[in-house]
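Below is model37.txt, which holds compact mmCIF, C-alpha atoms and all ligand atoms.
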```
# COMPACT_ATOMS: atom_id res chain seq x y z
CA MET A 15 -11.80 -21.32 1.69
CA LYS A 16 -9.03 -20.32 -0.68
CA ARG A 17 -10.07 -18.73 -3.97
CA ASP A 18 -8.76 -20.25 -7.14
CA ALA A 19 -6.24 -18.35 -9.24
CA ARG A 20 -8.68 -17.57 -12.05
CA THR A 21 -11.15 -15.96 -9.64
CA ILE A 22 -8.35 -13.95 -8.00
CA TRP A 23 -7.28 -12.70 -11.43
CA ILE A 24 -10.67 -11.74 -12.83
CA ASP A 25 -11.85 -10.14 -9.57
CA ASP A 26 -8.74 -7.99 -9.45
CA LYS A 27 -8.84 -7.04 -13.12
CA ALA A 28 -12.55 -6.22 -12.90
CA ARG A 29 -11.93 -4.03 -9.83
CA ALA A 30 -9.12 -2.18 -11.59
CA ALA A 31 -11.63 -1.42 -14.38
CA GLY A 32 -14.14 -0.05 -11.87
CA PHE A 33 -16.45 -3.09 -11.45
CA ALA A 34 -17.34 -4.52 -8.04
CA ASP A 35 -15.87 -7.94 -8.89
CA GLY A 36 -15.43 -10.50 -11.68
CA GLU A 37 -19.05 -11.54 -11.50
CA SER A 38 -20.39 -8.08 -12.24
CA LEU A 39 -17.98 -7.76 -15.17
CA ALA A 40 -19.12 -11.18 -16.45
CA ARG A 41 -22.77 -10.18 -16.08
CA ARG A 42 -22.25 -6.90 -17.94
CA PHE A 43 -20.70 -8.65 -20.97
CA GLU A 44 -22.52 -11.99 -20.64
CA LEU A 45 -19.20 -13.77 -20.26
CA LYS A 46 -19.53 -17.50 -19.60
CA ALA A 47 -16.95 -19.21 -17.36
CA TYR A 48 -15.08 -20.60 -20.36
CA ARG A 49 -14.62 -17.06 -21.72
CA ILE A 50 -13.07 -15.94 -18.44
CA ALA A 51 -10.86 -19.04 -18.61
CA GLN A 52 -9.73 -18.01 -22.11
CA LEU A 53 -8.85 -14.50 -20.95
CA TYR A 54 -7.04 -15.80 -17.88
CA ARG A 55 -5.07 -18.33 -19.91
CA ALA A 56 -4.10 -15.74 -22.52
CA ALA A 57 -2.86 -13.33 -19.86
CA THR A 58 -1.08 -15.70 -17.50
CA LYS A 59 0.02 -18.70 -19.57
CA GLU A 60 0.31 -17.50 -23.16
CA LEU A 61 1.48 -14.06 -22.00
CA ALA A 62 -0.52 -12.30 -24.71
CA PRO A 63 0.14 -8.55 -24.95
CA GLY A 64 -3.45 -7.55 -24.18
CA VAL A 65 -7.17 -8.25 -24.59
CA SER A 66 -7.10 -7.12 -28.23
CA GLY A 67 -4.71 -9.96 -29.11
CA VAL A 68 -6.94 -12.79 -27.85
CA SER A 69 -8.15 -14.10 -31.20
CA VAL A 70 -10.53 -16.73 -29.77
CA LEU A 71 -12.78 -13.83 -28.73
CA SER A 72 -14.84 -11.91 -31.26
CA LYS A 73 -13.43 -8.57 -32.33
CA GLU A 74 -16.52 -6.86 -30.96
CA LEU A 75 -16.11 -8.40 -27.52
CA ARG A 76 -12.41 -7.56 -27.44
CA GLU A 77 -13.22 -3.94 -28.23
CA GLN A 78 -15.97 -3.80 -25.62
CA LEU A 79 -13.76 -5.27 -22.90
CA THR A 80 -10.92 -2.90 -23.78
CA ALA A 81 -13.29 0.09 -23.78
CA ALA A 82 -14.57 -1.02 -20.35
CA GLY A 83 -11.02 -0.80 -19.02
CA LEU A 84 -10.02 -4.48 -18.81
CA ARG A 85 -6.23 -4.66 -19.07
CA PHE A 86 -3.78 -7.57 -18.95
CA ASP A 87 -1.05 -5.31 -17.62
CA SER A 88 -1.48 -3.23 -14.51
CA LEU A 89 1.85 -1.50 -15.03
CA ALA A 90 3.96 0.11 -17.73
CA PRO A 91 7.71 0.81 -17.83
CA VAL A 92 8.85 4.33 -16.95
CA ALA A 93 12.60 3.69 -16.94
CA MET A 94 14.76 0.65 -17.59
CA GLN A 95 18.39 0.34 -16.55
CA HIS A 96 20.87 -2.36 -17.52
CA SER A 97 24.00 -3.17 -15.55
CA ASN A 98 27.26 -2.94 -17.50
CA ASP A 99 27.48 -6.73 -17.78
CA ARG A 100 23.81 -6.72 -18.88
CA GLN A 101 23.02 -9.48 -16.42
CA THR A 102 20.77 -7.25 -14.32
CA THR A 103 17.84 -5.22 -15.63
CA LYS A 104 15.98 -2.92 -13.37
CA GLY A 105 12.54 -1.64 -14.26
CA LEU A 106 10.78 1.33 -12.77
CA LEU A 107 7.14 0.50 -13.48
CA ALA A 108 4.14 2.81 -13.18
CA LEU A 109 0.82 1.42 -11.94
CA ARG A 110 -2.45 2.65 -13.40
CA ASP A 111 -2.71 5.50 -10.88
CA GLY A 112 0.85 6.63 -11.60
CA VAL A 113 2.38 5.19 -8.43
CA GLU A 114 5.76 3.65 -9.24
CA VAL A 115 7.37 0.39 -8.12
CA GLU A 116 10.62 -1.37 -8.93
CA THR A 117 11.16 -4.84 -10.32
CA VAL A 118 14.56 -6.36 -11.07
CA LEU A 119 15.54 -9.20 -13.41
CA MET A 120 18.78 -11.01 -12.62
CA GLN A 121 20.14 -13.39 -15.24
CA HIS A 122 22.69 -15.78 -13.81
CA PHE A 123 24.77 -16.69 -16.84
CA GLY A 124 21.74 -17.92 -18.71
CA ASP A 125 20.78 -20.81 -16.46
CA ARG A 126 18.72 -18.97 -13.86
CA ASN A 127 16.49 -15.98 -14.40
CA THR A 128 15.37 -14.54 -11.09
CA VAL A 129 12.86 -11.71 -10.81
CA CYS A 130 12.76 -9.61 -7.67
CA ILE A 131 9.26 -8.22 -7.20
CA SER A 132 7.69 -5.55 -5.00
CA SER A 133 4.79 -6.28 -2.65
CA GLN A 134 4.01 -2.67 -1.67
CA ALA A 135 4.72 0.79 -3.07
CA GLY A 136 7.15 2.01 -0.43
CA CYS A 137 7.45 0.49 3.02
CA ALA A 138 6.44 1.59 6.51
CA TYR A 139 9.15 -0.35 8.39
CA GLY A 140 11.87 2.27 8.09
CA CYS A 141 15.00 0.11 8.21
CA THR A 142 17.86 2.62 8.31
CA PHE A 143 20.00 1.08 5.54
CA CYS A 144 17.14 0.58 3.06
CA ALA A 145 16.23 3.17 0.40
CA THR A 146 12.62 1.95 0.29
CA GLY A 147 12.27 2.20 4.05
CA GLN A 148 13.73 5.68 4.09
CA GLY A 149 11.23 6.79 1.43
CA GLY A 150 8.17 5.83 3.49
CA PHE A 151 4.95 3.99 2.61
CA THR A 152 2.77 4.90 -0.37
CA ARG A 153 0.16 2.14 -0.77
CA GLN A 154 -0.58 -1.59 -0.89
CA LEU A 155 -0.35 -3.45 -4.19
CA SER A 156 -3.13 -5.76 -5.35
CA ALA A 157 -2.42 -9.40 -6.19
CA THR A 158 -2.34 -8.71 -9.93
CA GLU A 159 -0.17 -5.62 -9.49
CA ILE A 160 2.32 -7.96 -7.84
CA PHE A 161 1.82 -10.77 -10.37
CA ASP A 162 2.03 -8.45 -13.39
CA GLN A 163 5.60 -7.50 -12.45
CA ALA A 164 6.52 -11.14 -13.10
CA ARG A 165 4.40 -11.12 -16.27
CA PHE A 166 6.30 -8.05 -17.48
CA PHE A 167 9.69 -9.76 -17.33
CA ALA A 168 8.30 -13.14 -18.41
CA ARG A 169 7.15 -11.48 -21.65
CA ASP A 170 10.53 -9.82 -22.04
CA LEU A 171 12.34 -13.17 -21.55
CA LEU A 172 9.94 -15.04 -23.84
CA GLN A 173 11.08 -12.91 -26.77
CA ARG A 174 14.54 -14.39 -26.23
CA GLY A 175 13.21 -17.92 -25.76
CA LYS A 176 13.75 -17.83 -22.00
CA ARG A 177 11.61 -18.05 -18.92
CA ILE A 178 11.60 -16.99 -15.29
CA THR A 179 13.07 -19.70 -13.08
CA ASN A 180 12.79 -17.99 -9.69
CA ILE A 181 10.79 -15.24 -8.03
CA VAL A 182 11.88 -13.49 -4.85
CA PHE A 183 9.70 -11.08 -2.87
CA MET A 184 12.68 -8.85 -2.14
CA GLY A 185 11.69 -5.68 -3.96
CA MET A 186 9.95 -2.74 -2.36
CA GLY A 187 7.73 -3.32 0.63
CA GLU A 188 7.13 -5.85 3.37
CA PRO A 189 5.27 -8.90 1.96
CA PHE A 190 3.81 -9.88 5.35
CA ALA A 191 2.30 -6.40 5.73
CA ASN A 192 0.27 -7.12 2.59
CA TYR A 193 -0.30 -10.77 3.43
CA ASP A 194 -3.51 -11.67 1.56
CA ALA A 195 -2.52 -9.98 -1.71
CA VAL A 196 0.91 -11.63 -1.55
CA MET A 197 -0.63 -15.08 -0.99
CA ASP A 198 -3.03 -14.46 -3.88
CA ALA A 199 -0.07 -13.43 -6.05
CA VAL A 200 1.67 -16.67 -5.07
CA SER A 201 -1.44 -18.61 -6.22
CA LEU A 202 -1.28 -16.76 -9.56
CA LEU A 203 2.43 -17.44 -10.00
CA ASN A 204 2.04 -21.08 -9.05
CA ASP A 205 -1.15 -22.07 -10.91
CA PRO A 206 -0.29 -25.01 -13.24
CA HIS A 207 -3.10 -23.89 -15.59
CA GLY A 208 -1.61 -20.40 -15.74
CA PHE A 209 1.86 -19.03 -15.04
CA GLY A 210 3.02 -22.37 -13.64
CA LEU A 211 6.06 -21.51 -11.51
CA GLY A 212 6.74 -24.16 -8.83
CA GLN A 213 6.34 -23.09 -5.20
CA ARG A 214 9.90 -24.14 -4.40
CA HIS A 215 11.09 -21.52 -6.88
CA ILE A 216 9.42 -18.71 -4.95
CA THR A 217 10.93 -17.01 -1.87
CA ILE A 218 9.24 -14.55 0.46
CA SER A 219 11.50 -12.29 2.50
CA THR A 220 10.16 -10.70 5.68
CA VAL A 221 11.54 -8.14 8.09
CA GLY A 222 10.21 -10.37 10.90
CA VAL A 223 6.48 -9.86 11.39
CA VAL A 224 6.10 -12.64 13.97
CA PRO A 225 2.33 -13.34 13.82
CA LYS A 226 2.53 -13.64 10.04
CA ILE A 227 5.43 -16.11 10.25
CA ASP A 228 3.09 -18.33 12.29
CA ARG A 229 0.30 -17.85 9.78
CA PHE A 230 2.66 -18.66 6.92
CA ALA A 231 3.71 -21.87 8.69
CA ASP A 232 0.06 -22.95 8.62
CA GLU A 233 -0.33 -22.44 4.85
CA ALA A 234 1.08 -25.88 4.02
CA ILE A 235 2.90 -24.54 0.95
CA GLN A 236 6.46 -25.04 -0.23
CA VAL A 237 7.31 -21.40 -0.79
CA ASN A 238 10.68 -20.54 0.82
CA LEU A 239 10.88 -18.23 3.81
CA ALA A 240 13.73 -15.74 4.24
CA ILE A 241 14.13 -13.55 7.32
CA SER A 242 15.93 -10.21 7.23
CA LEU A 243 18.02 -10.62 10.36
CA HIS A 244 20.91 -8.19 9.72
CA ALA A 245 22.01 -7.97 13.36
CA PRO A 246 22.80 -10.67 15.93
CA ASN A 247 21.73 -8.83 19.11
CA ASP A 248 18.75 -6.72 20.16
CA GLU A 249 20.64 -3.50 20.76
CA LEU A 250 22.05 -3.38 17.26
CA ARG A 251 18.97 -4.78 15.55
CA SER A 252 16.71 -2.19 17.20
CA GLN A 253 19.02 0.57 15.96
CA MET A 254 18.97 -0.71 12.39
CA MET A 255 15.42 -2.04 12.25
CA PRO A 256 12.61 -0.40 14.23
CA VAL A 257 10.55 -3.63 13.88
CA ASN A 258 12.84 -5.21 16.50
CA ARG A 259 11.26 -2.99 19.16
CA ARG A 260 7.93 -4.67 18.42
CA TRP A 261 9.19 -8.26 18.08
CA ASN A 262 12.67 -8.80 19.49
CA LEU A 263 15.20 -11.46 18.50
CA ALA A 264 14.00 -14.00 21.08
CA GLU A 265 10.43 -13.72 19.74
CA LEU A 266 11.62 -13.82 16.12
CA MET A 267 13.86 -16.85 16.64
CA SER A 268 11.11 -18.78 18.46
CA ALA A 269 8.73 -18.07 15.56
CA CYS A 270 11.37 -19.50 13.20
CA GLU A 271 11.71 -22.59 15.38
CA ARG A 272 7.93 -23.07 15.34
CA TYR A 273 7.98 -22.67 11.55
CA VAL A 274 10.66 -25.34 11.07
CA LYS A 275 8.93 -27.69 13.51
CA LYS A 276 5.64 -27.37 11.69
CA THR A 277 6.86 -27.38 8.07
CA ASN A 278 10.23 -29.14 8.23
CA ARG A 279 11.40 -26.48 5.79
CA LYS A 280 14.65 -24.56 5.96
CA VAL A 281 14.71 -20.86 6.93
CA PHE A 282 17.09 -18.50 5.15
CA PHE A 283 18.53 -15.60 7.15
CA GLU A 284 19.63 -12.51 5.28
CA TYR A 285 22.42 -10.41 6.75
CA VAL A 286 23.43 -7.21 4.98
CA MET A 287 27.08 -6.40 5.63
CA LEU A 288 27.57 -2.81 6.84
CA ALA A 289 31.15 -1.69 7.43
CA GLY A 290 31.90 -1.12 11.10
CA VAL A 291 28.28 -1.69 12.10
CA ASN A 292 27.49 -5.43 12.12
CA ASP A 293 30.54 -7.04 10.49
CA SER A 294 32.97 -7.76 13.36
CA ALA A 295 34.27 -11.21 14.28
CA ALA A 296 32.29 -10.90 17.53
CA ASN A 297 29.13 -10.30 15.48
CA ALA A 298 29.89 -13.40 13.40
CA ASN A 299 30.18 -15.47 16.56
CA GLU A 300 26.90 -14.04 17.92
CA LEU A 301 25.18 -14.82 14.62
CA ALA A 302 26.54 -18.37 14.59
CA ALA A 303 25.32 -18.90 18.16
CA LEU A 304 21.81 -17.72 17.21
CA MET A 305 21.62 -20.02 14.20
CA ARG A 306 23.57 -23.14 15.16
CA GLY A 307 21.78 -26.47 15.45
CA HIS A 308 18.70 -25.61 13.42
CA LEU A 309 17.53 -26.02 9.83
CA TYR A 310 18.87 -22.54 9.06
CA HIS A 311 20.98 -21.04 6.30
CA ALA A 312 22.78 -17.68 6.42
CA ASN A 313 22.98 -15.50 3.33
CA LEU A 314 25.43 -12.61 3.60
CA ILE A 315 24.43 -9.68 1.40
CA PRO A 316 26.96 -7.12 0.14
CA TYR A 317 25.47 -3.70 0.88
CA ASN A 318 24.45 -1.50 -2.03
CA ALA A 319 25.08 2.11 -1.06
CA THR A 320 21.89 4.21 -1.24
CA PRO A 321 21.83 7.84 -2.47
CA ASP A 322 22.14 9.62 0.87
CA ALA A 323 23.57 6.63 2.67
CA GLU A 324 25.18 6.94 6.06
CA PHE A 325 26.56 3.39 5.69
CA SER A 326 29.28 1.86 3.58
CA ALA A 327 29.81 -1.69 2.35
CA THR A 328 32.01 -4.20 4.12
CA PRO A 329 34.98 -5.02 1.84
CA ASP A 330 34.59 -8.40 0.11
CA VAL A 331 37.58 -9.96 1.84
CA LYS A 332 36.04 -9.16 5.22
CA ILE A 333 32.72 -10.64 4.15
CA TRP A 334 34.51 -13.91 3.38
CA GLU A 335 36.25 -13.84 6.79
CA PHE A 336 32.86 -13.33 8.43
CA ALA A 337 31.45 -16.24 6.40
CA ALA A 338 34.37 -18.47 7.42
CA ILE A 339 33.64 -17.93 11.13
CA ILE A 340 30.01 -18.87 10.65
CA GLU A 341 30.87 -21.90 8.59
CA ALA A 342 33.44 -23.07 11.12
CA ALA A 343 30.68 -22.97 13.72
CA GLY A 344 28.72 -25.46 11.61
CA VAL A 345 26.15 -23.05 10.13
CA PRO A 346 25.58 -23.25 6.34
CA VAL A 347 26.39 -19.90 4.78
CA THR A 348 26.54 -18.33 1.32
CA VAL A 349 27.59 -14.89 0.14
CA ARG A 350 25.13 -13.34 -2.27
CA ALA A 351 26.46 -12.70 -5.77
CA ASN A 352 26.77 -8.99 -6.02
CA MET A 353 24.73 -8.11 -9.10
CA GLY A 354 23.82 -4.82 -10.65
CA ARG A 355 25.67 -2.62 -8.17
CA ASP A 356 26.45 -0.13 -10.93
CA ILE A 357 22.73 0.52 -11.49
CA ALA A 358 21.82 0.81 -7.81
CA ALA A 359 19.87 -2.43 -8.01
CA ALA A 360 19.15 -2.52 -4.30
CA CYS A 361 15.44 -2.16 -4.23
CA GLY A 362 14.04 1.29 -3.71
CA GLN A 363 17.04 3.00 -5.18
CA LEU A 364 15.81 3.78 -8.68
CA ARG A 365 12.57 5.17 -7.35
CA ALA A 366 14.48 7.16 -4.76
CA GLU A 367 16.39 8.78 -7.60
CA THR A 368 13.34 9.76 -9.64
CA GLN A 369 10.62 10.52 -7.11
CA PRO A 370 10.42 12.88 -4.18
CA LYS A 371 10.10 11.17 -0.83
CA ALA A 372 6.74 9.55 -0.25
CA ARG A 373 4.78 10.13 2.92
CA LYS A 374 6.60 8.73 5.89
CA ALA A 375 4.15 6.39 7.55
CA THR A 376 3.86 5.96 11.27
CA ALA A 377 4.78 2.28 11.57
N1 LIG A 401 10.70 -6.08 3.41
C1 LIG A 401 11.28 -7.35 3.17
C2 LIG A 401 11.56 -7.63 1.72
C3 LIG A 401 12.15 -6.53 0.89
S1 LIG A 401 13.81 -6.07 1.24
C4 LIG A 401 12.49 -7.55 4.00
O1 LIG A 401 12.96 -6.59 4.59
O2 LIG A 401 12.94 -8.68 4.10
C5 LIG A 401 14.74 -7.42 0.58
C6 LIG A 401 16.13 -7.54 1.18
O3 LIG A 401 17.01 -6.49 0.69
C7 LIG A 401 16.12 -7.43 2.68
O4 LIG A 401 16.91 -8.42 3.27
C8 LIG A 401 16.69 -6.04 2.87
O5 LIG A 401 17.19 -5.88 4.14
C9 LIG A 401 17.73 -5.97 1.79
N2 LIG A 401 18.22 -4.61 1.51
C10 LIG A 401 17.58 -3.44 1.69
N3 LIG A 401 18.35 -2.40 1.33
C11 LIG A 401 19.53 -2.92 0.92
C12 LIG A 401 20.75 -2.36 0.42
N4 LIG A 401 20.89 -1.05 0.27
N5 LIG A 401 21.76 -3.21 0.10
C13 LIG A 401 21.60 -4.55 0.22
N6 LIG A 401 20.47 -5.13 0.67
C14 LIG A 401 19.45 -4.34 1.03
FE1 LIG A 402 10.90 -2.32 4.37
FE2 LIG A 402 12.36 -4.53 3.96
FE3 LIG A 402 13.35 -2.07 3.43
FE4 LIG A 402 12.99 -2.82 5.96
S1 LIG A 402 14.42 -3.76 4.47
S2 LIG A 402 12.40 -0.84 5.11
S3 LIG A 402 11.12 -4.03 5.79
S4 LIG A 402 11.64 -3.06 2.42
```

Using structure tokens, write down the structure that the file contains.
Amino acid sequence: MKRDARTIWIDDKARAAGFADGESLARRFELKAYRIAQLYRAATKELAPGVSGVSVLSKELREQLTAAGLRFDSLAPVAMQHSNDRQTTKGLLALRDGVEVETVLMQHFGDRNTVCISSQAGCAYGCTFCATGQGGFTRQLSATEIFDQARFFARDLLQRGKRITNIVFMGMGEPFANYDAVMDAVSLLNDPHGFGLGQRHITISTVGVVPKIDRFADEAIQVNLAISLHAPNDELRSQMMPVNRRWNLAELMSACERYVKKTNRKVFFEYVMLAGVNDSAANANELAALMRGHLYHANLIPYNATPDAEFSATPDVKIWEFAAIIEAAGVPVTVRANMGRDIAAACGQLRAETQPKARKATA
């Protein structure tokens, strides 16, 4: 049975403070259920700064809980960067053990505020064009470590009378390699009694972990699914993305077909445009052939050069030519707005600049 959002939150927060779970924390401080509800509401709905600001609790209790290590935030900013147009803000955030993750806020001319969150510190999948992948895997994030990235920017926006409109799991890490914590984080983001962001405003992006695509199809939720495709044939995809040697394109595309059949929801395919690698007219035709006739949408992503990148970005005009071929073949396609390039807003880049390479995991 699925746990409710409040239980997910208090269990996680209690564990971070060194308790076995929420129940043992509640027992220690004789917290009734309504007290936990007050704490949860203050942290996730009212976006209070911390336990000490929750005035419905006695001062004594607030002090005791703080002394015991209960925190609303599981992360603190280490470095913040703003793009020149100030539409993109990138945060390097340190978790309680000092491990750092990246979270990015993208403001689309005031009407949409999208936050790109990380699901893991680092990533074990080793995609060749990705700074996170090249840095290796550090550790899994808990549900509240994921959720608190959204809380961080929600608090920042609130001060300007704004709110988060969309969340994308496109930061560091592979969401489907940390499946349970990511689903718990989705429950926290979505809870109408808490943070209250609609499922349709949340998108999970996966490198293509086939068994988890099937599991996700069974969840009966309205969270959007995006697949990092990036190459239209196995030879190229295996070169760029080691995951393709485990689950090839045929297996990936059948999982997507099963997903659409079961959920009747659209699948978004991401395709990062690398000059001279995957951006030829022939590649566009191959991509169109893979996608045509299904409830699929292609999203072409301008490449953000990484520090020691061996790739370069496809020129914009060529991206539009590529898009035109796909569109002419009857496949819906968009080109991603290219935000925050001047601050290396491709995920993994800020951390790559400030931290030595993490352990390279054997995927
Ligand atoms: N692991 C997941 C989600 C995180 S990556 C996944 O791979 O889907 C989010 C997206 O950013 C992916 O589509 C990824 O391929 C893309 N990406 C990675 N590095 C990039 C870069 N340097 N420039 C542009 N997009 C990049
Ligand atoms: Fe990991 Fe996604 Fe980067 Fe690949 S693109 S290395 S799966 S974060």

**Prompt:** Which residues, written as number ranges by chain, have at least one atom at most 6 Å from stretch 105-121 of chain A, with only C-alpha atoms counted and residues fewer than 5 positions away on the same chain left out?
**Reply:** A: 88-94, 126-131, 135

**Message:** Taking all atoms listed in the file into account, list the residues no farther than 8 Å from ligand LIG 402 (chain A), as a count of residues only.
**Reply:** 25

**Request:** Please provide the set of residues having any atom within 7 Å of stretch 66-73 of chain A, restricted to only C-alpha atoms, with same-chain residues fewer than 4 positions apart removed, written as an NGL selection string.
**Result:** :A and (56 or 62 or 77)

Would you save the residues from that selection as a PDB file, in the frame of the given file, using C-alpha atoms?
```pdb
ATOM      1  CA  ALA A  56      -4.100 -15.740 -22.520  1.00  0.00           C
ATOM      2  CA  ALA A  62      -0.520 -12.300 -24.710  1.00  0.00           C
ATOM      3  CA  GLU A  77     -13.220  -3.940 -28.230  1.00  0.00           C
TER       4      GLU A  77
END
```

**Complete:** Using all atoms listed in the file, the residue out of A:Asn299, A:Ser294, A:Asn238, A:Asn192 with shortest distance to A:Ile333 is A:Ser294

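Among the candidates A:Ala82, A:Val196, A:Ile24, A:Ala319, the residue lying nearest to ligand LIG 401 (chain A) is A:Ala319 (atoms considered: all atoms listed in the file).
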
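Using only C-alpha atoms and all ligand atoms, the smallest distance between any of A:Arg153, A:Arg29, A:Arg279, A:His244 and ligand LIG 401 (chain A) comes from A:His244.
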
**Request:** Write out as a list of chain:residue names the residues lying within 8 Å of A:Phe166, counting all atoms listed in the file and excluding same-chain residues fewer than 4 positions away.
**Result:** A:Asp87, A:Asp162, A:Asp170

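One finds atom CA of A:Ala240 at 10.2 Å from atom N1 of ligand LIG 401 (chain A).
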
**Message:** Give me the residues near A:Ala351 as a PyMOL selection string, where near means some atom within 10 Å (using only C-alpha atoms) and where sequence neighbours in that chain fewer than 3 positions away do not count.
**Reply:** chain A and resi 122+314-316+348+354

**Message:** Show me the residues close to (-7.4, -7.9, -11.1) - anything with an atom within 12 Å, counting all atoms listed in the file - and format the list as a VMD selection string.
**Reply:** chain A and resid 19 to 36 39 53 to 54 57 to 58 83 to 89 110 155 to 162 195 198 to 199 202

**Complete:** Between A:Glu324, A:Asp18, A:Asp232, A:Asp194, smallest distance to ligand LIG 401 (chain A) by only C-alpha atoms and all ligand atoms belongs to A:Glu324

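With atom CA of A:Lys59 on one side and atom CA of A:His215 on the other, the separation reads 17.1 Å.
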